Structure formats: structure tokens, C-alpha cells
Amino acid sequence: MGLLAFFLITLLIYYWFPVQGGLKTFLLILIMVSGWLSIFEIVSILEARPWVAAPLLLIIGLVVWKWRINRNQQQRSV
């Protein structure tokens with residue numbers, strides 16, 4: 001979980017604060033490496049506790065479903 005938190009913190013620092021020069025490149029490298037390793041961490045969490053994936057997939061499915069319904073309604077009204 002620490003690696004995932006590190007990835008999110010470096011991502012927020014990169015986008016919210018005006019970082020310039022070599023520090024910006026260094027942050028990008030940290031984001032890429034920690035992001036890649038975070039994928040493996042997420043997969044290992046889901047393998048250890050598969051019941052965690054069900055609510056996440058349900059929420060993602062509901063968001064996509066609502067988005068498609070709204071898009072179809074907007075296309076019909078035009």
C-alpha cells in the first residue's frame with residue numbers, strides 16, 4: 001500500500017505544484033516506476049482478497065452504464 005500511496009503523492013505533486021527543470025524529469029521517472037510497480041501491488045491485493053474486486057467492478061459498471069444512458073439521451077434530443 002505504501003508504493004501505491006507514493007505513486008499518488010508524486011502524481012499530485014507533479015500536477016498541482018509548479019515543478020521545473022530536472023526535478024520535473026525526476027518526478028516523471030518516479031511516477032512511471034512507482035506506477036508500474038503499483039499495478040503489481042493492486043493485482044496481488046486482488047489475488048489475496050478477490051471479494052474486494054466485486055464492489056469496485058460494480059461501481060465502475062454503474063458509472064459506465066449511467067454515462068452511456070446520458071450520451072444516448074443527448075444524441076436522441078439533438
# chains A, B, ... in the order shown; residues from 1 in each chain; ligands from 1
$ residues_around --residues "stretch 3-9 of chain A" --least-positions-apart "5" --cutoff "6 Å" --atoms "only C-alpha atoms" --output "ChimeraX atom specification"
/A:31,34-35,38
$ write_last_selection --atoms "N, CA, C and O atoms" --output "compact mmCIF listing (two decimals), in the first residue's frame"
# COMPACT_ATOMS: atom_id res chain seq x y z
N ILE A 31 7.17 8.65 -11.06
CA ILE A 31 5.77 8.31 -11.33
C ILE A 31 5.68 7.07 -12.20
O ILE A 31 4.86 6.18 -11.96
N SER A 34 7.01 3.90 -10.04
CA SER A 34 6.10 3.53 -8.96
C SER A 34 4.72 3.16 -9.49
O SER A 34 4.04 2.31 -8.91
N GLY A 35 4.29 3.77 -10.58
CA GLY A 35 3.01 3.40 -11.19
C GLY A 35 3.03 1.98 -11.73
O GLY A 35 2.07 1.23 -11.56
N SER A 38 2.97 -0.31 -8.83
CA SER A 38 1.67 -0.26 -8.17
C SER A 38 0.67 -1.19 -8.85
O SER A 38 -0.22 -1.72 -8.20
$ atom_distance --atom1 "atom CA of A:Gly22" --atom2 "atom CA of A:Thr10"
14.8 Å
$ residues_around --residues "A:Lys24" --least-positions-apart "3" --cutoff "12 Å" --atoms "only C-alpha atoms" --output "ChimeraX atom specification"
/A:10-11,13-15,17-21,27-31
$ write_last_selection --atoms "N, CA, C and O atoms" --output "PDB file, in the first residue's frame"
ATOM      1  N   THR A  10       3.275  11.498  -5.531  1.00  0.00           N
ATOM      2  CA  THR A  10       4.124  12.089  -6.559  1.00  0.00           C
ATOM      3  C   THR A  10       3.300  12.589  -7.739  1.00  0.00           C
ATOM      4  O   THR A  10       3.623  13.617  -8.338  1.00  0.00           O
ATOM      5  N   LEU A  11       2.228  11.903  -8.065  1.00  0.00           N
ATOM      6  CA  LEU A  11       1.358  12.354  -9.153  1.00  0.00           C
ATOM      7  C   LEU A  11       0.694  13.683  -8.801  1.00  0.00           C
ATOM      8  O   LEU A  11       0.625  14.591  -9.639  1.00  0.00           O
ATOM      9  N   ILE A  13       1.814  15.932  -6.632  1.00  0.00           N
ATOM     10  CA  ILE A  13       2.851  16.971  -6.608  1.00  0.00           C
ATOM     11  C   ILE A  13       3.158  17.432  -8.019  1.00  0.00           C
ATOM     12  O   ILE A  13       3.302  18.629  -8.285  1.00  0.00           O
ATOM     13  N   TYR A  14       3.253  16.492  -8.945  1.00  0.00           N
ATOM     14  CA  TYR A  14       3.570  16.837 -10.329  1.00  0.00           C
ATOM     15  C   TYR A  14       2.501  17.723 -10.958  1.00  0.00           C
ATOM     16  O   TYR A  14       2.814  18.663 -11.687  1.00  0.00           O
ATOM     17  N   TYR A  15       1.229  17.435 -10.687  1.00  0.00           N
ATOM     18  CA  TYR A  15       0.158  18.194 -11.331  1.00  0.00           C
ATOM     19  C   TYR A  15      -0.211  19.480 -10.610  1.00  0.00           C
ATOM     20  O   TYR A  15      -0.638  20.445 -11.246  1.00  0.00           O
ATOM     21  N   PHE A  17       1.722  21.386  -8.231  1.00  0.00           N
ATOM     22  CA  PHE A  17       2.758  22.358  -7.911  1.00  0.00           C
ATOM     23  C   PHE A  17       3.589  22.675  -9.143  1.00  0.00           C
ATOM     24  O   PHE A  17       3.856  21.798  -9.958  1.00  0.00           O
ATOM     25  N   PRO A  18       4.012  23.928  -9.281  1.00  0.00           N
ATOM     26  CA  PRO A  18       4.822  24.301 -10.457  1.00  0.00           C
ATOM     27  C   PRO A  18       6.256  23.785 -10.328  1.00  0.00           C
ATOM     28  O   PRO A  18       7.119  24.428  -9.739  1.00  0.00           O
ATOM     29  N   VAL A  19       6.503  22.615 -10.863  1.00  0.00           N
ATOM     30  CA  VAL A  19       7.824  21.991 -10.810  1.00  0.00           C
ATOM     31  C   VAL A  19       8.500  22.235 -12.144  1.00  0.00           C
ATOM     32  O   VAL A  19       7.893  22.095 -13.200  1.00  0.00           O
ATOM     33  N   GLN A  20       9.805  22.598 -12.093  1.00  0.00           N
ATOM     34  CA  GLN A  20      10.508  22.926 -13.332  1.00  0.00           C
ATOM     35  C   GLN A  20      11.823  22.161 -13.433  1.00  0.00           C
ATOM     36  O   GLN A  20      12.379  21.715 -12.441  1.00  0.00           O
ATOM     37  N   GLY A  21      12.306  22.051 -14.656  1.00  0.00           N
ATOM     38  CA  GLY A  21      13.641  21.538 -14.924  1.00  0.00           C
ATOM     39  C   GLY A  21      13.838  20.075 -14.610  1.00  0.00           C
ATOM     40  O   GLY A  21      13.008  19.224 -14.902  1.00  0.00           O
ATOM     41  N   LEU A  27      10.588  13.583 -11.193  1.00  0.00           N
ATOM     42  CA  LEU A  27       9.245  13.204 -10.752  1.00  0.00           C
ATOM     43  C   LEU A  27       8.561  12.304 -11.778  1.00  0.00           C
ATOM     44  O   LEU A  27       7.861  11.359 -11.409  1.00  0.00           O
ATOM     45  N   LEU A  28       8.737  12.601 -13.058  1.00  0.00           N
ATOM     46  CA  LEU A  28       8.139  11.753 -14.094  1.00  0.00           C
ATOM     47  C   LEU A  28       8.694  10.340 -14.040  1.00  0.00           C
ATOM     48  O   LEU A  28       7.950   9.357 -14.192  1.00  0.00           O
ATOM     49  N   ILE A  29      10.003  10.210 -13.817  1.00  0.00           N
ATOM     50  CA  ILE A  29      10.611   8.883 -13.718  1.00  0.00           C
ATOM     51  C   ILE A  29      10.070   8.150 -12.491  1.00  0.00           C
ATOM     52  O   ILE A  29       9.733   6.965 -12.559  1.00  0.00           O
ATOM     53  N   LEU A  30       9.958   8.860 -11.356  1.00  0.00           N
ATOM     54  CA  LEU A  30       9.397   8.242 -10.152  1.00  0.00           C
ATOM     55  C   LEU A  30       7.954   7.809 -10.369  1.00  0.00           C
ATOM     56  O   LEU A  30       7.533   6.736  -9.914  1.00  0.00           O
ATOM     57  N   ILE A  31       7.170   8.650 -11.055  1.00  0.00           N
ATOM     58  CA  ILE A  31       5.770   8.313 -11.326  1.00  0.00           C
ATOM     59  C   ILE A  31       5.678   7.075 -12.204  1.00  0.00           C
ATOM     60  O   ILE A  31       4.857   6.180 -11.956  1.00  0.00           O
TER      61      ILE A  31
END
$ decode --residues "stretch 48-63 of chain A" --atoms "all heavy atoms" --output "PDB file, in the first residue's frame"
ATOM      1  N   ALA A  48      -5.184 -11.826  -3.310  1.00  0.00           N
ATOM      2  CA  ALA A  48      -5.300 -12.227  -1.912  1.00  0.00           C
ATOM      3  C   ALA A  48      -6.738 -12.104  -1.416  1.00  0.00           C
ATOM      4  O   ALA A  48      -7.188 -12.909  -0.605  1.00  0.00           O
ATOM      5  CB  ALA A  48      -4.375 -11.379  -1.050  1.00  0.00           C
ATOM      6  N   ARG A  49      -7.437 -11.089  -1.900  1.00  0.00           N
ATOM      7  CA  ARG A  49      -8.821 -10.843  -1.462  1.00  0.00           C
ATOM      8  C   ARG A  49      -9.700 -10.586  -2.684  1.00  0.00           C
ATOM      9  O   ARG A  49      -9.969  -9.441  -3.034  1.00  0.00           O
ATOM     10  CB  ARG A  49      -8.861  -9.626  -0.552  1.00  0.00           C
ATOM     11  CG  ARG A  49      -8.060  -9.771   0.690  1.00  0.00           C
ATOM     12  CD  ARG A  49      -8.077  -8.463   1.472  1.00  0.00           C
ATOM     13  NE  ARG A  49      -6.961  -8.427   2.396  1.00  0.00           N
ATOM     14  CZ  ARG A  49      -5.798  -7.846   2.136  1.00  0.00           C
ATOM     15  NH1 ARG A  49      -5.589  -7.252   0.999  1.00  0.00           N
ATOM     16  NH2 ARG A  49      -4.844  -7.848   3.029  1.00  0.00           N
ATOM     17  N   PRO A  50     -10.172 -11.626  -3.348  1.00  0.00           N
ATOM     18  CA  PRO A  50     -10.966 -11.423  -4.569  1.00  0.00           C
ATOM     19  C   PRO A  50     -12.303 -10.741  -4.324  1.00  0.00           C
ATOM     20  O   PRO A  50     -12.856 -10.137  -5.228  1.00  0.00           O
ATOM     21  CB  PRO A  50     -11.162 -12.830  -5.115  1.00  0.00           C
ATOM     22  CG  PRO A  50     -10.806 -13.756  -4.034  1.00  0.00           C
ATOM     23  CD  PRO A  50      -9.938 -13.024  -3.070  1.00  0.00           C
ATOM     24  N   TRP A  51     -12.820 -10.779  -3.102  1.00  0.00           N
ATOM     25  CA  TRP A  51     -14.086 -10.123  -2.800  1.00  0.00           C
ATOM     26  C   TRP A  51     -13.964  -8.610  -2.857  1.00  0.00           C
ATOM     27  O   TRP A  51     -14.965  -7.911  -2.920  1.00  0.00           O
ATOM     28  CB  TRP A  51     -14.608 -10.569  -1.438  1.00  0.00           C
ATOM     29  CG  TRP A  51     -13.592 -10.468  -0.339  1.00  0.00           C
ATOM     30  CD1 TRP A  51     -12.767 -11.446   0.096  1.00  0.00           C
ATOM     31  CD2 TRP A  51     -13.291  -9.318   0.449  1.00  0.00           C
ATOM     32  NE1 TRP A  51     -11.968 -10.996   1.097  1.00  0.00           N
ATOM     33  CE2 TRP A  51     -12.267  -9.689   1.343  1.00  0.00           C
ATOM     34  CE3 TRP A  51     -13.773  -8.027   0.492  1.00  0.00           C
ATOM     35  CZ2 TRP A  51     -11.723  -8.801   2.258  1.00  0.00           C
ATOM     36  CZ3 TRP A  51     -13.227  -7.149   1.415  1.00  0.00           C
ATOM     37  CH2 TRP A  51     -12.220  -7.537   2.282  1.00  0.00           C
ATOM     38  N   VAL A  52     -12.732  -8.073  -2.856  1.00  0.00           N
ATOM     39  CA  VAL A  52     -12.525  -6.620  -2.951  1.00  0.00           C
ATOM     40  C   VAL A  52     -12.879  -6.135  -4.360  1.00  0.00           C
ATOM     41  O   VAL A  52     -13.352  -5.012  -4.532  1.00  0.00           O
ATOM     42  CB  VAL A  52     -11.064  -6.264  -2.596  1.00  0.00           C
ATOM     43  CG1 VAL A  52     -10.758  -4.804  -2.861  1.00  0.00           C
ATOM     44  CG2 VAL A  52     -10.771  -6.606  -1.155  1.00  0.00           C
ATOM     45  N   ALA A  53     -12.678  -6.977  -5.351  1.00  0.00           N
ATOM     46  CA  ALA A  53     -12.893  -6.568  -6.737  1.00  0.00           C
ATOM     47  C   ALA A  53     -14.368  -6.384  -7.067  1.00  0.00           C
ATOM     48  O   ALA A  53     -14.709  -5.558  -7.917  1.00  0.00           O
ATOM     49  CB  ALA A  53     -12.279  -7.585  -7.688  1.00  0.00           C
ATOM     50  N   ALA A  54     -15.247  -7.114  -6.423  1.00  0.00           N
ATOM     51  CA  ALA A  54     -16.671  -7.053  -6.756  1.00  0.00           C
ATOM     52  C   ALA A  54     -17.266  -5.662  -6.572  1.00  0.00           C
ATOM     53  O   ALA A  54     -17.891  -5.138  -7.501  1.00  0.00           O
ATOM     54  CB  ALA A  54     -17.442  -8.087  -5.955  1.00  0.00           C
ATOM     55  N   PRO A  55     -17.094  -4.978  -5.436  1.00  0.00           N
ATOM     56  CA  PRO A  55     -17.658  -3.635  -5.311  1.00  0.00           C
ATOM     57  C   PRO A  55     -17.019  -2.634  -6.279  1.00  0.00           C
ATOM     58  O   PRO A  55     -17.706  -1.760  -6.823  1.00  0.00           O
ATOM     59  CB  PRO A  55     -17.371  -3.227  -3.867  1.00  0.00           C
ATOM     60  CG  PRO A  55     -17.047  -4.468  -3.150  1.00  0.00           C
ATOM     61  CD  PRO A  55     -16.555  -5.449  -4.161  1.00  0.00           C
ATOM     62  N   LEU A  56     -15.712  -2.783  -6.515  1.00  0.00           N
ATOM     63  CA  LEU A  56     -15.049  -1.868  -7.448  1.00  0.00           C
ATOM     64  C   LEU A  56     -15.596  -2.038  -8.863  1.00  0.00           C
ATOM     65  O   LEU A  56     -15.874  -1.056  -9.556  1.00  0.00           O
ATOM     66  CB  LEU A  56     -13.541  -2.099  -7.433  1.00  0.00           C
ATOM     67  CG  LEU A  56     -12.823  -1.761  -6.140  1.00  0.00           C
ATOM     68  CD1 LEU A  56     -11.362  -2.155  -6.234  1.00  0.00           C
ATOM     69  CD2 LEU A  56     -12.965  -0.295  -5.820  1.00  0.00           C
ATOM     70  N   LEU A  57     -15.731  -3.283  -9.289  1.00  0.00           N
ATOM     71  CA  LEU A  57     -16.274  -3.523 -10.627  1.00  0.00           C
ATOM     72  C   LEU A  57     -17.727  -3.087 -10.727  1.00  0.00           C
ATOM     73  O   LEU A  57     -18.162  -2.599 -11.778  1.00  0.00           O
ATOM     74  CB  LEU A  57     -16.125  -4.997 -10.993  1.00  0.00           C
ATOM     75  CG  LEU A  57     -14.689  -5.478 -11.201  1.00  0.00           C
ATOM     76  CD1 LEU A  57     -14.671  -6.986 -11.429  1.00  0.00           C
ATOM     77  CD2 LEU A  57     -14.035  -4.744 -12.349  1.00  0.00           C
ATOM     78  N   LEU A  58     -18.485  -3.229  -9.654  1.00  0.00           N
ATOM     79  CA  LEU A  58     -19.876  -2.781  -9.640  1.00  0.00           C
ATOM     80  C   LEU A  58     -19.958  -1.262  -9.794  1.00  0.00           C
ATOM     81  O   LEU A  58     -20.757  -0.757 -10.584  1.00  0.00           O
ATOM     82  CB  LEU A  58     -20.553  -3.223  -8.344  1.00  0.00           C
ATOM     83  CG  LEU A  58     -22.018  -2.854  -8.194  1.00  0.00           C
ATOM     84  CD1 LEU A  58     -22.846  -3.576  -9.252  1.00  0.00           C
ATOM     85  CD2 LEU A  58     -22.498  -3.195  -6.805  1.00  0.00           C
ATOM     86  N   ILE A  59     -19.125  -0.538  -9.087  1.00  0.00           N
ATOM     87  CA  ILE A  59     -19.117   0.926  -9.183  1.00  0.00           C
ATOM     88  C   ILE A  59     -18.691   1.370 -10.575  1.00  0.00           C
ATOM     89  O   ILE A  59     -19.320   2.248 -11.169  1.00  0.00           O
ATOM     90  CB  ILE A  59     -18.202   1.527  -8.100  1.00  0.00           C
ATOM     91  CG1 ILE A  59     -18.824   1.303  -6.721  1.00  0.00           C
ATOM     92  CG2 ILE A  59     -17.954   3.005  -8.345  1.00  0.00           C
ATOM     93  CD1 ILE A  59     -17.899   1.646  -5.574  1.00  0.00           C
ATOM     94  N   ILE A  60     -17.649   0.748 -11.122  1.00  0.00           N
ATOM     95  CA  ILE A  60     -17.199   1.102 -12.476  1.00  0.00           C
ATOM     96  C   ILE A  60     -18.296   0.802 -13.489  1.00  0.00           C
ATOM     97  O   ILE A  60     -18.564   1.604 -14.396  1.00  0.00           O
ATOM     98  CB  ILE A  60     -15.897   0.352 -12.817  1.00  0.00           C
ATOM     99  CG1 ILE A  60     -14.746   0.886 -11.959  1.00  0.00           C
ATOM    100  CG2 ILE A  60     -15.559   0.496 -14.297  1.00  0.00           C
ATOM    101  CD1 ILE A  60     -13.482   0.063 -12.049  1.00  0.00           C
ATOM    102  N   GLY A  61     -18.965  -0.343 -13.347  1.00  0.00           N
ATOM    103  CA  GLY A  61     -20.053  -0.695 -14.260  1.00  0.00           C
ATOM    104  C   GLY A  61     -21.210   0.281 -14.188  1.00  0.00           C
ATOM    105  O   GLY A  61     -21.787   0.653 -15.217  1.00  0.00           O
ATOM    106  N   LEU A  62     -21.577   0.713 -12.976  1.00  0.00           N
ATOM    107  CA  LEU A  62     -22.670   1.677 -12.833  1.00  0.00           C
ATOM    108  C   LEU A  62     -22.316   3.026 -13.449  1.00  0.00           C
ATOM    109  O   LEU A  62     -23.160   3.671 -14.085  1.00  0.00           O
ATOM    110  CB  LEU A  62     -23.023   1.852 -11.355  1.00  0.00           C
ATOM    111  CG  LEU A  62     -23.775   0.687 -10.721  1.00  0.00           C
ATOM    112  CD1 LEU A  62     -23.908   0.905  -9.220  1.00  0.00           C
ATOM    113  CD2 LEU A  62     -25.132   0.528 -11.359  1.00  0.00           C
ATOM    114  N   VAL A  63     -21.074   3.462 -13.279  1.00  0.00           N
ATOM    115  CA  VAL A  63     -20.650   4.743 -13.863  1.00  0.00           C
ATOM    116  C   VAL A  63     -20.691   4.670 -15.386  1.00  0.00           C
ATOM    117  O   VAL A  63     -21.199   5.585 -16.053  1.00  0.00           O
ATOM    118  CB  VAL A  63     -19.241   5.121 -13.354  1.00  0.00           C
ATOM    119  CG1 VAL A  63     -18.655   6.278 -14.152  1.00  0.00           C
ATOM    120  CG2 VAL A  63     -19.297   5.470 -11.871  1.00  0.00           C
TER     121      VAL A  63
END
